[in-house]
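Peer 1: What follows is start-v6.txt, compact mmCIF, C-alpha atoms.
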```txt
# COMPACT_ATOMS: atom_id res chain seq x y z
CA TYR P 1 1.93 -39.75 121.05
CA THR P 2 1.18 -41.01 124.55
CA VAL P 3 -1.49 -38.31 125.01
CA MET P 4 -3.04 -39.37 121.71
CA GLU P 5 -2.96 -43.04 122.72
CA ARG P 6 -4.42 -42.26 126.14
CA GLU P 7 -7.32 -40.35 124.55
CA MET P 8 -8.00 -43.19 122.09
CA ASP P 9 -8.13 -45.70 124.96
CA ALA P 10 -10.31 -43.32 126.96
CA ARG P 11 -12.66 -42.90 123.98
CA LYS P 12 -13.20 -46.69 123.80
CA TYR P 13 -13.77 -46.81 127.59
CA VAL P 14 -16.24 -43.90 127.46
CA HIS P 15 -18.29 -45.36 124.60
CA LYS P 16 -18.50 -48.70 126.36
CA ASN P 17 -19.26 -47.35 129.84
CA ARG P 18 -21.46 -44.34 129.12
CA PRO P 19 -24.76 -46.30 128.95
CA VAL P 20 -23.71 -48.49 131.90
CA VAL P 21 -23.01 -45.48 134.14
CA GLU P 22 -26.28 -43.81 133.11
CA GLU P 23 -28.16 -46.99 133.94
CA TYR P 24 -26.26 -47.46 137.21
CA ILE P 25 -27.19 -43.92 138.37
CA GLN P 26 -30.87 -44.57 137.53
CA HIS P 27 -30.72 -47.94 139.30
CA ALA P 28 -29.19 -46.39 142.46
CA ASN P 29 -31.80 -43.61 142.39
CA LYS P 30 -34.69 -46.08 142.06
CA ASN P 31 -33.29 -48.25 144.88
CA ASN P 32 -32.92 -45.21 147.10
CA HIS P 33 -36.53 -44.12 146.59
CA GLN P 34 -37.68 -47.68 147.33
CA LEU P 35 -35.54 -47.71 150.47
CA MET P 36 -37.02 -44.38 151.64
CA ILE P 37 -40.53 -45.88 151.35
CA GLU P 38 -39.36 -49.02 153.21
CA ILE P 39 -37.81 -46.92 156.01
CA ASP P 40 -40.98 -44.85 156.35
CA HIS P 41 -43.08 -48.02 156.53
CA THR P 42 -40.74 -49.81 158.97
CA SER P 43 -40.34 -46.80 161.28
CA GLN P 44 -44.05 -46.97 162.06
CA SER P 45 -43.56 -50.35 163.76
CA TYR P 46 -39.92 -50.23 164.88
CA THR P 47 -37.47 -47.79 166.43
CA LEU P 48 -34.66 -47.29 163.93
CA ASN P 49 -31.40 -47.12 165.88
CA HIS P 50 -28.78 -46.72 163.16
CA ASN P 51 -29.64 -43.38 161.53
CA GLU P 52 -31.02 -45.23 158.49
CA LEU P 53 -32.98 -42.24 157.21
CA GLY P 54 -29.98 -39.89 157.54
CA LYS P 55 -27.78 -42.33 155.63
CA VAL P 56 -30.28 -42.79 152.80
CA ARG P 57 -30.70 -39.02 152.49
CA GLY P 58 -26.91 -38.82 152.24
CA PHE P 59 -26.93 -41.40 149.42
CA GLN P 60 -29.55 -39.32 147.60
CA GLN P 61 -27.26 -36.28 147.73
CA GLU P 62 -24.39 -38.35 146.28
CA ILE P 63 -26.63 -39.76 143.51
CA ASP P 64 -28.04 -36.30 142.68
CA GLU P 65 -24.51 -34.88 142.50
CA LEU P 66 -23.38 -37.66 140.10
CA ASN P 67 -26.48 -37.02 137.99
CA ARG P 68 -25.73 -33.28 137.95
CA GLN P 69 -22.10 -33.88 136.87
CA LYS P 70 -23.20 -36.39 134.22
CA ASN P 71 -25.65 -33.82 132.79
CA VAL P 72 -22.78 -31.33 132.49
CA ILE P 73 -20.25 -33.82 131.05
CA HIS P 74 -22.38 -35.55 128.41
CA PRO P 75 -23.35 -32.47 126.34
CA LYS P 76 -19.69 -31.37 126.44
CA LEU P 77 -18.64 -34.83 125.21
CA ASP P 78 -21.21 -34.70 122.40
CA ASN P 79 -19.90 -31.26 121.38
CA HIS P 80 -16.25 -32.44 121.64
CA GLU P 81 -15.60 -29.83 124.34
CA LEU P 82 -14.19 -32.30 126.87
CA PRO P 83 -11.28 -34.75 126.68
CA PHE P 84 -12.38 -38.41 126.83
CA SER P 85 -9.85 -38.96 129.62
CA ASP P 86 -11.79 -36.51 131.86
CA ALA P 87 -15.01 -38.40 131.21
CA GLN P 88 -13.19 -41.67 131.92
CA THR P 89 -12.02 -40.30 135.29
CA PHE P 90 -15.59 -39.26 136.13
CA TYR P 91 -16.96 -42.72 135.22
CA LYS P 92 -14.36 -44.51 137.33
CA ASP P 93 -15.12 -42.26 140.31
CA ALA P 94 -18.85 -42.74 139.73
CA TYR P 95 -18.45 -46.54 139.81
CA LYS P 96 -16.65 -46.35 143.17
CA ILE P 97 -19.31 -44.08 144.69
CA LEU P 98 -22.22 -46.13 143.30
CA ASP P 99 -20.69 -49.45 144.42
CA ASP P 100 -20.29 -48.05 147.91
CA VAL P 101 -23.84 -46.64 147.95
CA GLU P 102 -25.33 -49.92 146.70
CA GLY P 103 -23.42 -51.93 149.29
CA GLN P 104 -24.79 -49.73 152.08
CA GLN P 105 -28.30 -49.73 150.60
CA VAL P 106 -28.32 -53.55 150.68
CA GLU P 107 -27.01 -53.50 154.27
CA ILE P 108 -29.80 -51.16 155.40
CA ASP P 109 -32.44 -53.15 153.51
CA ASN P 110 -31.26 -56.38 155.16
CA GLY P 111 -31.23 -54.64 158.55
CA LEU P 112 -34.88 -53.59 158.11
CA ARG P 113 -35.87 -57.14 157.20
CA GLU P 114 -33.99 -58.53 160.21
CA LEU P 115 -36.06 -56.34 162.57
CA ARG P 116 -39.21 -58.31 161.70
CA GLN P 117 -37.37 -61.66 161.89
CA GLY P 118 -35.83 -60.65 165.22
CA GLU P 119 -39.23 -59.70 166.59
CA GLN P 120 -40.76 -63.05 165.56
CA ALA P 121 -37.82 -64.94 167.10
CA ALA P 122 -38.20 -62.99 170.38
CA GLN P 123 -41.96 -63.78 170.47
CA LYS P 124 -41.12 -67.50 170.23
CA LYS P 125 -38.50 -67.10 172.98
CA ILE P 126 -41.17 -65.77 175.37
CA GLU P 127 -43.14 -69.02 174.98
CA GLN P 128 -39.95 -71.03 175.61
CA TYR P 129 -39.02 -68.98 178.69
CA GLU P 130 -42.50 -69.28 180.18
CA PHE P 131 -42.44 -73.03 179.56
CA ARG P 132 -39.02 -73.37 181.26
CA LEU P 133 -40.16 -71.34 184.27
CA ARG P 134 -43.35 -73.43 184.61
CA ASN P 135 -41.27 -76.61 184.47
CA LEU P 136 -38.92 -75.34 187.19
CA LYS P 137 -41.88 -74.39 189.39
CA ARG P 138 -43.42 -77.86 188.94
CA TYR P 139 -40.10 -79.58 189.57
CA VAL P 140 -39.53 -77.68 192.83
CA GLU P 141 -43.13 -78.25 194.01
CA LYS P 142 -42.71 -82.00 193.37
CA GLN P 143 -39.84 -82.10 195.88
CA ARG P 144 -42.21 -81.21 198.76
CA LEU P 145 -39.55 -79.11 200.47
CA PRO P 146 -40.44 -77.40 203.78
CA GLY P 147 -39.80 -73.99 202.16
CA LEU P 148 -37.61 -72.06 199.76
CA PRO P 149 -34.74 -69.72 200.64
CA GLY P 150 -35.27 -65.98 200.04
CA ASP P 151 -32.46 -65.62 197.50
CA TYR P 152 -33.92 -68.47 195.42
CA LEU P 153 -37.39 -66.90 195.39
CA GLU P 154 -35.83 -63.56 194.52
CA GLY P 155 -34.06 -65.17 191.54
CA PHE P 156 -37.31 -66.82 190.43
CA PHE P 157 -39.33 -63.58 190.62
CA MET P 158 -36.56 -61.65 188.89
CA ALA P 159 -36.56 -64.10 185.95
CA THR P 160 -40.38 -63.96 185.78
CA ASP P 161 -40.37 -60.13 185.81
CA ARG P 162 -37.72 -60.05 183.10
CA VAL P 163 -39.85 -62.23 180.80
CA GLU P 164 -42.77 -59.88 181.54
CA ASP P 165 -40.54 -56.90 180.57
CA LEU P 166 -39.69 -58.65 177.29
CA SER P 167 -43.38 -59.20 176.60
CA LYS P 168 -44.10 -55.49 177.24
CA ALA P 169 -41.19 -54.41 175.02
CA LEU P 170 -42.63 -56.50 172.17
CA ASN P 171 -46.11 -55.05 172.66
CA LYS P 172 -45.05 -51.43 172.23
CA ILE P 173 -46.44 -49.53 169.24
CA ARG P 174 -42.87 -49.09 167.99
CA VAL P 175 -40.66 -52.02 168.96
CA ASN P 176 -37.07 -51.18 169.85
CA MET P 177 -35.11 -54.28 168.82
CA VAL P 178 -31.93 -53.11 170.60
CA GLU P 179 -33.91 -53.16 173.86
CA VAL P 180 -35.61 -56.45 172.92
CA ASN P 181 -32.31 -58.21 172.09
CA LYS P 182 -30.81 -57.08 175.40
CA LEU P 183 -33.85 -58.39 177.28
CA VAL P 184 -33.67 -61.72 175.40
CA ALA P 185 -30.01 -62.10 176.46
CA ASP P 186 -30.89 -61.14 180.08
CA CYS P 187 -33.84 -63.58 180.21
CA GLU P 188 -31.63 -66.37 178.87
CA SER P 189 -28.93 -65.77 181.49
CA ASP P 190 -31.48 -65.33 184.35
CA ILE P 191 -33.26 -68.59 183.54
CA LYS P 192 -30.01 -70.51 183.04
CA ALA P 193 -28.80 -69.28 186.44
CA LEU P 194 -32.17 -70.24 187.97
CA GLU P 195 -32.00 -73.74 186.44
CA THR P 196 -28.54 -74.23 187.97
CA LYS P 197 -29.75 -72.84 191.33
CA THR P 198 -32.79 -75.15 191.25
CA ASN P 199 -30.69 -78.26 190.61
CA ASP P 200 -28.21 -77.27 193.33
CA LEU P 201 -31.05 -76.63 195.80
CA VAL P 202 -32.84 -79.93 195.07
CA ASP P 203 -29.56 -81.89 195.16
CA ALA P 204 -28.51 -80.32 198.47
CA ALA P 205 -31.93 -81.07 200.03
CA ALA P 206 -32.03 -84.69 198.80
CA LEU P 207 -28.43 -85.33 199.86
CA THR P 208 -29.07 -83.84 203.33
CA GLU P 209 -31.95 -86.27 203.84
CA GLN P 210 -29.80 -89.21 202.70
CA MET P 211 -26.89 -88.17 204.94
CA MET P 212 -29.18 -87.78 207.96
CA GLN P 213 -30.74 -91.19 207.37
CA TYR P 214 -27.29 -92.74 207.13
CA ALA P 215 -25.96 -90.79 210.16
CA ASN P 216 -28.84 -92.08 212.31
CA ARG P 217 -26.86 -95.32 212.93
CA TYR P 218 -24.34 -93.20 214.92
CA ARG P 219 -26.93 -91.08 216.72
CA HIS P 220 -26.80 -92.96 220.07
CA SER P 221 -23.12 -93.89 220.04
CA HIS P 222 -21.76 -90.45 218.99
CA PRO P 223 -23.20 -87.37 220.72
CA GLU P 224 -21.54 -85.07 218.09
CA ILE P 225 -23.56 -86.82 215.35
CA LYS P 226 -26.79 -86.31 217.32
CA ALA P 227 -25.93 -82.59 217.70
CA ALA P 228 -25.10 -82.34 213.96
CA ILE P 229 -28.37 -84.04 213.01
CA ASP P 230 -30.33 -81.59 215.21
CA ARG P 231 -28.50 -78.54 213.79
CA SER P 232 -28.87 -79.86 210.24
CA LEU P 233 -32.58 -80.51 210.77
CA SER P 234 -33.11 -76.97 212.04
CA LEU P 235 -31.25 -75.46 209.06
CA PHE P 236 -33.25 -77.72 206.74
CA SER P 237 -36.80 -77.39 208.05
CA LYS P 238 -36.81 -73.93 209.66
CA GLU P 239 -34.32 -71.83 207.69
CA TYR P 240 -34.46 -73.68 204.32
CA LYS P 241 -30.65 -73.47 204.10
CA TYR P 242 -30.18 -76.81 202.37
CA GLN P 243 -26.52 -76.40 201.43
CA ALA P 244 -25.62 -75.33 205.00
CA ALA P 245 -27.62 -78.31 206.37
CA LEU P 246 -25.73 -80.65 204.04
CA ASP P 247 -22.33 -79.19 205.07
CA GLU P 248 -23.25 -79.57 208.74
CA ILE P 249 -24.23 -83.26 208.63
CA GLY P 250 -21.71 -84.16 205.92
CA GLN P 251 -18.69 -82.87 207.85
CA ALA P 252 -19.81 -84.52 211.10
CA LEU P 253 -20.36 -87.85 209.32
CA GLU P 254 -16.99 -87.59 207.57
CA ARG P 255 -15.24 -87.22 210.95
CA VAL P 256 -16.88 -90.40 212.25
CA GLU P 257 -16.70 -92.42 209.03
CA PRO P 258 -14.19 -91.02 206.52
CA GLY P 259 -15.26 -91.57 202.90
CA ALA P 260 -18.96 -91.90 203.76
CA PHE P 261 -19.85 -88.47 202.32
CA LYS P 262 -18.26 -89.17 198.91
CA ARG P 263 -19.84 -92.63 198.76
CA ILE P 264 -23.39 -91.38 199.47
CA GLU P 265 -22.88 -88.40 197.10
CA SER P 266 -21.65 -90.66 194.26
CA PHE P 267 -24.55 -93.06 194.74
CA TYR P 268 -27.00 -90.14 194.66
CA PHE P 269 -25.63 -88.60 191.46
CA ASN P 270 -25.41 -91.99 189.72
CA ASN P 271 -28.98 -92.88 190.66
CA ARG P 272 -30.58 -89.43 190.67
CA ASP P 273 -33.73 -90.57 188.84
CA LEU P 274 -34.40 -93.32 191.36
CA VAL P 275 -33.74 -91.24 194.48
```
Now that the file is in, can you turn its structure into structure tokens?
Peer 2:
Amino acid sequence: YTVMEREMDARKYVHKNRPVVEEYIQHANKNNHQLMIEIDHTSQSYTLNHNELGKVRGFQQEIDELNRQKNVIHPKLDNHELPFSDAQTFYKDAYKILDDVEGQQVEIDNGLRELRQGEQAAQKKIEQYEFRLRNLKRYVEKQRLPGLPGDYLEGFFMATDRVEDLSKALNKIRVNMVEVNKLVADCESDIKALETKTNDLVDAAALTEQMMQYANRYRHSHPEIKAAIDRSLSLFSKEYKYQAALDEIGQALERVEPGAFKRIESFYFNNRDLV
């Protein structure tokens, strides 16, 4: 009785799902051909890094195999040579395979679309990076410093070269978005580091000048302040070591007038735009 009941249930399932499975196989096949064309088209402009073509060929094999099995099963069903429960098992397996294939097809299709979007976003980033670098250059030039330390210039040229590398990567016949995304991340971190370095450099230079002006009142009464001013001035105007110049004068001033360093520093940071 249970076998009979199972076959009756399976018969209902098969009648209901037969056209759906047929249509689903056709749908997956059509999508796969479309995806092949899309991959061929995209691979002319972009390096494909995730074995997209290999995967889609694999889907085609799975779809062809389902089609082959379906073409064996359906005539047998029509001739009552196959239990409905066997056909039901095939349909359920087919649904699982086709769901999985469709999910991956959508993923690959989205990935191909994202390559173009990623490229456009990276092109915009170049303009932003160049603008930020120009602003930094202008800002530093406005300070009229006697010179710039070697490590700062190195950082500036490195950031500039990196933006140039990004531009070259985007101008290749076939753009490799893995390379482009890495360069975008590197440019971002280089320029952020340079912005921090620039602010530190300008702050140290401005504070050194303020400290020296303030320390001048002790120049004649305290020989150690005169020596510190001279050393600080040399570090400032000959070696461009602004932080070292600030440490030199700041520590000497602190020994003569405790609390002076913090007071001048606080005033500077609270009134940065006026200084």
Peer 1: List every protein, DNA or RNA residue that has at least one atom no more than 6 Å from (-29.9, -86.0, 194.7) in the file's coordinates, counting all atoms listed in the file, and write the result as a VMD selection string.
Peer 2: chain P and resid 203 206 to 207 268 to 269 272
Peer 1: Select, from P:Val175, P:Leu166, P:Ser189, P:Asn79, the residue with the minimum atom-to-atom distance to Lys125 of chain P, counting only C-alpha atoms.
Peer 2: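 Nearest to Lys125 of chain P: P:Leu166.
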Peer 1: Between atom CA of Ile25 of chain P and atom CA of Glu65 of chain P, what is the distance, to one decimal in Å?
Peer 2: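 Going from atom CA of Ile25 of chain P over to atom CA of Glu65 of chain P, I get 10.3 Å.
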Peer 1: Between P:Pro75, P:Asn32, P:Gln123, P:Gln210, which is the closest to Ser266 of chain P once you count all atoms listed in the file?
Peer 2: P:Gln210
Peer 1: Pick from P:Asn176, P:Asn270, P:Gln213, P:Thr198: nearest to Tyr46 of chain P, with all atoms listed in the file counted?
Peer 2: P:Asn176
Peer 1: Please list as a ChimeraX atom specification every residue within 10 Å of Tyr214 of chain P, counting all atoms listed in the file and excluding residues in the same chain fewer than 6 positions away.
Peer 2: /P:208,253,260-261,264
Peer 1: For Leu235 of chain P, work out the shell of residues within 12 Å, counting all atoms listed in the file and skipping chain neighbours fewer than 3 positions away, then give it as a ChimeraX atom specification.
Peer 2: /P:146-149,204-205,208,228-232,238-249
Peer 1: What gap, in Å, lies between atom CA of Asp78 of chain P and atom CA of Val101 of chain P?
Peer 2: 28.3 Å
Peer 1: Name the residues in contact with Leu66 of chain P at a cut-off of 12 Å, using only C-alpha atoms, excluding same-chain residues fewer than 5 positions from it; report them as a ChimeraX atom specification.
Peer 2: /P:21-22,24-26,28-29,59-61,71-74,90-98,101
Peer 1: Which residues, written as a PDB file with C-alpha atoms, keeping the file's coordinate frame, have at least one atom at most 9 Å from Gln88 of chain P, with all atoms listed in the file counted and residues fewer than 4 positions away on the same chain left out?
Peer 2:
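Listing of result31.pdb after writing:
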```pdb
ATOM      1  CA  ALA P  10     -10.310 -43.320 126.960  1.00  0.00           C
ATOM      2  CA  ARG P  11     -12.660 -42.900 123.980  1.00  0.00           C
ATOM      3  CA  TYR P  13     -13.770 -46.810 127.590  1.00  0.00           C
ATOM      4  CA  VAL P  14     -16.240 -43.900 127.460  1.00  0.00           C
ATOM      5  CA  ASN P  17     -19.260 -47.350 129.840  1.00  0.00           C
ATOM      6  CA  PRO P  83     -11.280 -34.750 126.680  1.00  0.00           C
ATOM      7  CA  PHE P  84     -12.380 -38.410 126.830  1.00  0.00           C
ATOM      8  CA  LYS P  92     -14.360 -44.510 137.330  1.00  0.00           C
ATOM      9  CA  ASP P  93     -15.120 -42.260 140.310  1.00  0.00           C
TER      10      ASP P  93
END
```
Peer 1: Nearest to Glu38 of chain P among P:Ala121, P:Val3, P:Ile108, P:Met8, with distances taken over all atoms listed in the file: which residue is it?
Peer 2: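 With all atoms listed in the file as the atom set, the closest residue is P:Ile108.
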Peer 1: Using only C-alpha atoms for the distances, tell me which of P:Glu52, P:Asp273, P:Glu81, P:Glu5 is nearest to Gln104 of chain P.
Peer 2: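 Answer, going by the shortest atom-to-atom distance: P:Glu52.
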Peer 1: Using all atoms listed in the file, which of the listed residues (P:Ile173, P:Val163, P:Leu145, P:Asp151) sits closest to Gln128 of chain P?
Peer 2: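 Checking each candidate against Gln128 of chain P, we get P:Val163 as the closest.
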Peer 1: Find the distance between atom CA of Asp64 of chain P and atom CA of Asp86 of chain P and write it in Å to one decimal.
Peer 2: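 Computed distance, atom CA of Asp64 of chain P to atom CA of Asp86 of chain P, equals 19.5 Å.
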Peer 1: Which residues are near segment 133-135 of chain P? Cut-off 8 Å, only C-alpha atoms, ignore same chain within fewer than 4 positions. Put them as a list of chain:residue names.
Peer 2: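 With the cut-off at 8 Å, the set is P:Tyr129, P:Tyr139, P:Thr160, P:Ile191.
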Peer 1: Working from the structure I just supplied, which lacks atoms in segment 154-189 of chain P, can you model N, CA and C atoms there and output them as a PDB file, keeping the file's coordinate frame?
Peer 2:
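The result, written out as out-v4.pdb:
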```pdb
ATOM      1  N   GLU P 154     -36.186 -64.840 195.149  1.00  0.00           N
ATOM      2  CA  GLU P 154     -35.830 -63.560 194.520  1.00  0.00           C
ATOM      3  C   GLU P 154     -35.391 -63.795 193.065  1.00  0.00           C
ATOM      4  N   GLY P 155     -34.541 -64.822 192.879  1.00  0.00           N
ATOM      5  CA  GLY P 155     -34.060 -65.170 191.540  1.00  0.00           C
ATOM      6  C   GLY P 155     -35.206 -65.600 190.632  1.00  0.00           C
ATOM      7  N   PHE P 156     -36.166 -66.335 191.213  1.00  0.00           N
ATOM      8  CA  PHE P 156     -37.310 -66.820 190.430  1.00  0.00           C
ATOM      9  C   PHE P 156     -38.190 -65.640 189.996  1.00  0.00           C
ATOM     10  N   PHE P 157     -38.472 -64.739 190.946  1.00  0.00           N
ATOM     11  CA  PHE P 157     -39.330 -63.580 190.620  1.00  0.00           C
ATOM     12  C   PHE P 157     -38.636 -62.638 189.643  1.00  0.00           C
ATOM     13  N   MET P 158     -37.314 -62.526 189.791  1.00  0.00           N
ATOM     14  CA  MET P 158     -36.560 -61.650 188.890  1.00  0.00           C
ATOM     15  C   MET P 158     -36.650 -62.175 187.454  1.00  0.00           C
ATOM     16  N   ALA P 159     -36.480 -63.492 187.288  1.00  0.00           N
ATOM     17  CA  ALA P 159     -36.560 -64.100 185.950  1.00  0.00           C
ATOM     18  C   ALA P 159     -37.970 -63.934 185.371  1.00  0.00           C
ATOM     19  N   THR P 160     -38.983 -64.113 186.226  1.00  0.00           N
ATOM     20  CA  THR P 160     -40.380 -63.960 185.780  1.00  0.00           C
ATOM     21  C   THR P 160     -40.648 -62.522 185.345  1.00  0.00           C
ATOM     22  N   ASP P 161     -40.172 -61.563 186.147  1.00  0.00           N
ATOM     23  CA  ASP P 161     -40.370 -60.130 185.810  1.00  0.00           C
ATOM     24  C   ASP P 161     -39.677 -59.774 184.502  1.00  0.00           C
ATOM     25  N   ARG P 162     -38.499 -60.354 184.304  1.00  0.00           N
ATOM     26  CA  ARG P 162     -37.720 -60.050 183.100  1.00  0.00           C
ATOM     27  C   ARG P 162     -38.464 -60.539 181.836  1.00  0.00           C
ATOM     28  N   VAL P 163     -39.069 -61.708 181.938  1.00  0.00           N
ATOM     29  CA  VAL P 163     -39.850 -62.230 180.800  1.00  0.00           C
ATOM     30  C   VAL P 163     -41.061 -61.321 180.553  1.00  0.00           C
ATOM     31  N   GLU P 164     -41.640 -60.820 181.638  1.00  0.00           N
ATOM     32  CA  GLU P 164     -42.770 -59.880 181.540  1.00  0.00           C
ATOM     33  C   GLU P 164     -42.309 -58.577 180.839  1.00  0.00           C
ATOM     34  N   ASP P 165     -41.108 -58.108 181.198  1.00  0.00           N
ATOM     35  CA  ASP P 165     -40.540 -56.900 180.570  1.00  0.00           C
ATOM     36  C   ASP P 165     -40.353 -57.116 179.066  1.00  0.00           C
ATOM     37  N   LEU P 166     -39.894 -58.318 178.711  1.00  0.00           N
ATOM     38  CA  LEU P 166     -39.690 -58.650 177.290  1.00  0.00           C
ATOM     39  C   LEU P 166     -41.023 -58.620 176.553  1.00  0.00           C
ATOM     40  N   SER P 167     -42.044 -59.180 177.193  1.00  0.00           N
ATOM     41  CA  SER P 167     -43.380 -59.200 176.600  1.00  0.00           C
ATOM     42  C   SER P 167     -43.886 -57.771 176.374  1.00  0.00           C
ATOM     43  N   LYS P 168     -43.660 -56.897 177.365  1.00  0.00           N
ATOM     44  CA  LYS P 168     -44.100 -55.490 177.240  1.00  0.00           C
ATOM     45  C   LYS P 168     -43.343 -54.785 176.122  1.00  0.00           C
ATOM     46  N   ALA P 169     -42.027 -55.055 176.046  1.00  0.00           N
ATOM     47  CA  ALA P 169     -41.190 -54.410 175.020  1.00  0.00           C
ATOM     48  C   ALA P 169     -41.671 -54.797 173.617  1.00  0.00           C
ATOM     49  N   LEU P 170     -42.158 -56.029 173.478  1.00  0.00           N
ATOM     50  CA  LEU P 170     -42.630 -56.500 172.170  1.00  0.00           C
ATOM     51  C   LEU P 170     -44.051 -56.015 171.853  1.00  0.00           C
ATOM     52  N   ASN P 171     -44.745 -55.538 172.880  1.00  0.00           N
ATOM     53  CA  ASN P 171     -46.110 -55.050 172.660  1.00  0.00           C
ATOM     54  C   ASN P 171     -46.196 -53.547 172.458  1.00  0.00           C
ATOM     55  N   LYS P 172     -45.053 -52.880 172.452  1.00  0.00           N
ATOM     56  CA  LYS P 172     -45.050 -51.430 172.230  1.00  0.00           C
ATOM     57  C   LYS P 172     -45.490 -51.129 170.795  1.00  0.00           C
ATOM     58  N   ILE P 173     -46.009 -49.924 170.587  1.00  0.00           N
ATOM     59  CA  ILE P 173     -46.440 -49.530 169.240  1.00  0.00           C
ATOM     60  C   ILE P 173     -45.247 -49.561 168.297  1.00  0.00           C
ATOM     61  N   ARG P 174     -44.111 -49.011 168.784  1.00  0.00           N
ATOM     62  CA  ARG P 174     -42.870 -49.090 167.990  1.00  0.00           C
ATOM     63  C   ARG P 174     -41.866 -49.915 168.786  1.00  0.00           C
ATOM     64  N   VAL P 175     -41.560 -51.082 168.270  1.00  0.00           N
ATOM     65  CA  VAL P 175     -40.660 -52.020 168.960  1.00  0.00           C
ATOM     66  C   VAL P 175     -39.216 -51.581 168.777  1.00  0.00           C
ATOM     67  N   ASN P 176     -38.496 -51.514 169.911  1.00  0.00           N
ATOM     68  CA  ASN P 176     -37.070 -51.180 169.850  1.00  0.00           C
ATOM     69  C   ASN P 176     -36.276 -52.485 169.968  1.00  0.00           C
ATOM     70  N   MET P 177     -35.755 -52.967 168.829  1.00  0.00           N
ATOM     71  CA  MET P 177     -35.110 -54.280 168.820  1.00  0.00           C
ATOM     72  C   MET P 177     -33.780 -54.307 169.575  1.00  0.00           C
ATOM     73  N   VAL P 178     -33.150 -53.146 169.778  1.00  0.00           N
ATOM     74  CA  VAL P 178     -31.930 -53.110 170.600  1.00  0.00           C
ATOM     75  C   VAL P 178     -32.299 -53.464 172.040  1.00  0.00           C
ATOM     76  N   GLU P 179     -33.398 -52.871 172.509  1.00  0.00           N
ATOM     77  CA  GLU P 179     -33.910 -53.160 173.860  1.00  0.00           C
ATOM     78  C   GLU P 179     -34.358 -54.620 173.951  1.00  0.00           C
ATOM     79  N   VAL P 180     -35.092 -55.075 172.927  1.00  0.00           N
ATOM     80  CA  VAL P 180     -35.610 -56.450 172.920  1.00  0.00           C
ATOM     81  C   VAL P 180     -34.467 -57.472 172.960  1.00  0.00           C
ATOM     82  N   ASN P 181     -33.440 -57.261 172.130  1.00  0.00           N
ATOM     83  CA  ASN P 181     -32.310 -58.210 172.090  1.00  0.00           C
ATOM     84  C   ASN P 181     -31.564 -58.263 173.412  1.00  0.00           C
ATOM     85  N   LYS P 182     -31.472 -57.110 174.078  1.00  0.00           N
ATOM     86  CA  LYS P 182     -30.810 -57.080 175.400  1.00  0.00           C
ATOM     87  C   LYS P 182     -31.642 -57.868 176.408  1.00  0.00           C
ATOM     88  N   LEU P 183     -32.964 -57.664 176.358  1.00  0.00           N
ATOM     89  CA  LEU P 183     -33.850 -58.390 177.280  1.00  0.00           C
ATOM     90  C   LEU P 183     -33.827 -59.891 177.023  1.00  0.00           C
ATOM     91  N   VAL P 184     -33.754 -60.292 175.750  1.00  0.00           N
ATOM     92  CA  VAL P 184     -33.670 -61.720 175.400  1.00  0.00           C
ATOM     93  C   VAL P 184     -32.414 -62.324 176.032  1.00  0.00           C
ATOM     94  N   ALA P 185     -31.274 -61.616 175.893  1.00  0.00           N
ATOM     95  CA  ALA P 185     -30.010 -62.100 176.460  1.00  0.00           C
ATOM     96  C   ALA P 185     -30.096 -62.178 177.993  1.00  0.00           C
ATOM     97  N   ASP P 186     -30.745 -61.163 178.614  1.00  0.00           N
ATOM     98  CA  ASP P 186     -30.890 -61.140 180.080  1.00  0.00           C
ATOM     99  C   ASP P 186     -31.800 -62.276 180.564  1.00  0.00           C
ATOM    100  N   CYS P 187     -32.919 -62.490 179.843  1.00  0.00           N
ATOM    101  CA  CYS P 187     -33.840 -63.580 180.210  1.00  0.00           C
ATOM    102  C   CYS P 187     -33.114 -64.925 180.156  1.00  0.00           C
ATOM    103  N   GLU P 188     -32.364 -65.115 179.069  1.00  0.00           N
ATOM    104  CA  GLU P 188     -31.630 -66.370 178.870  1.00  0.00           C
ATOM    105  C   GLU P 188     -30.675 -66.612 180.043  1.00  0.00           C
ATOM    106  N   SER P 189     -29.924 -65.582 180.416  1.00  0.00           N
ATOM    107  CA  SER P 189     -28.930 -65.770 181.490  1.00  0.00           C
ATOM    108  C   SER P 189     -29.615 -65.926 182.852  1.00  0.00           C
TER     109      SER P 189
END
```
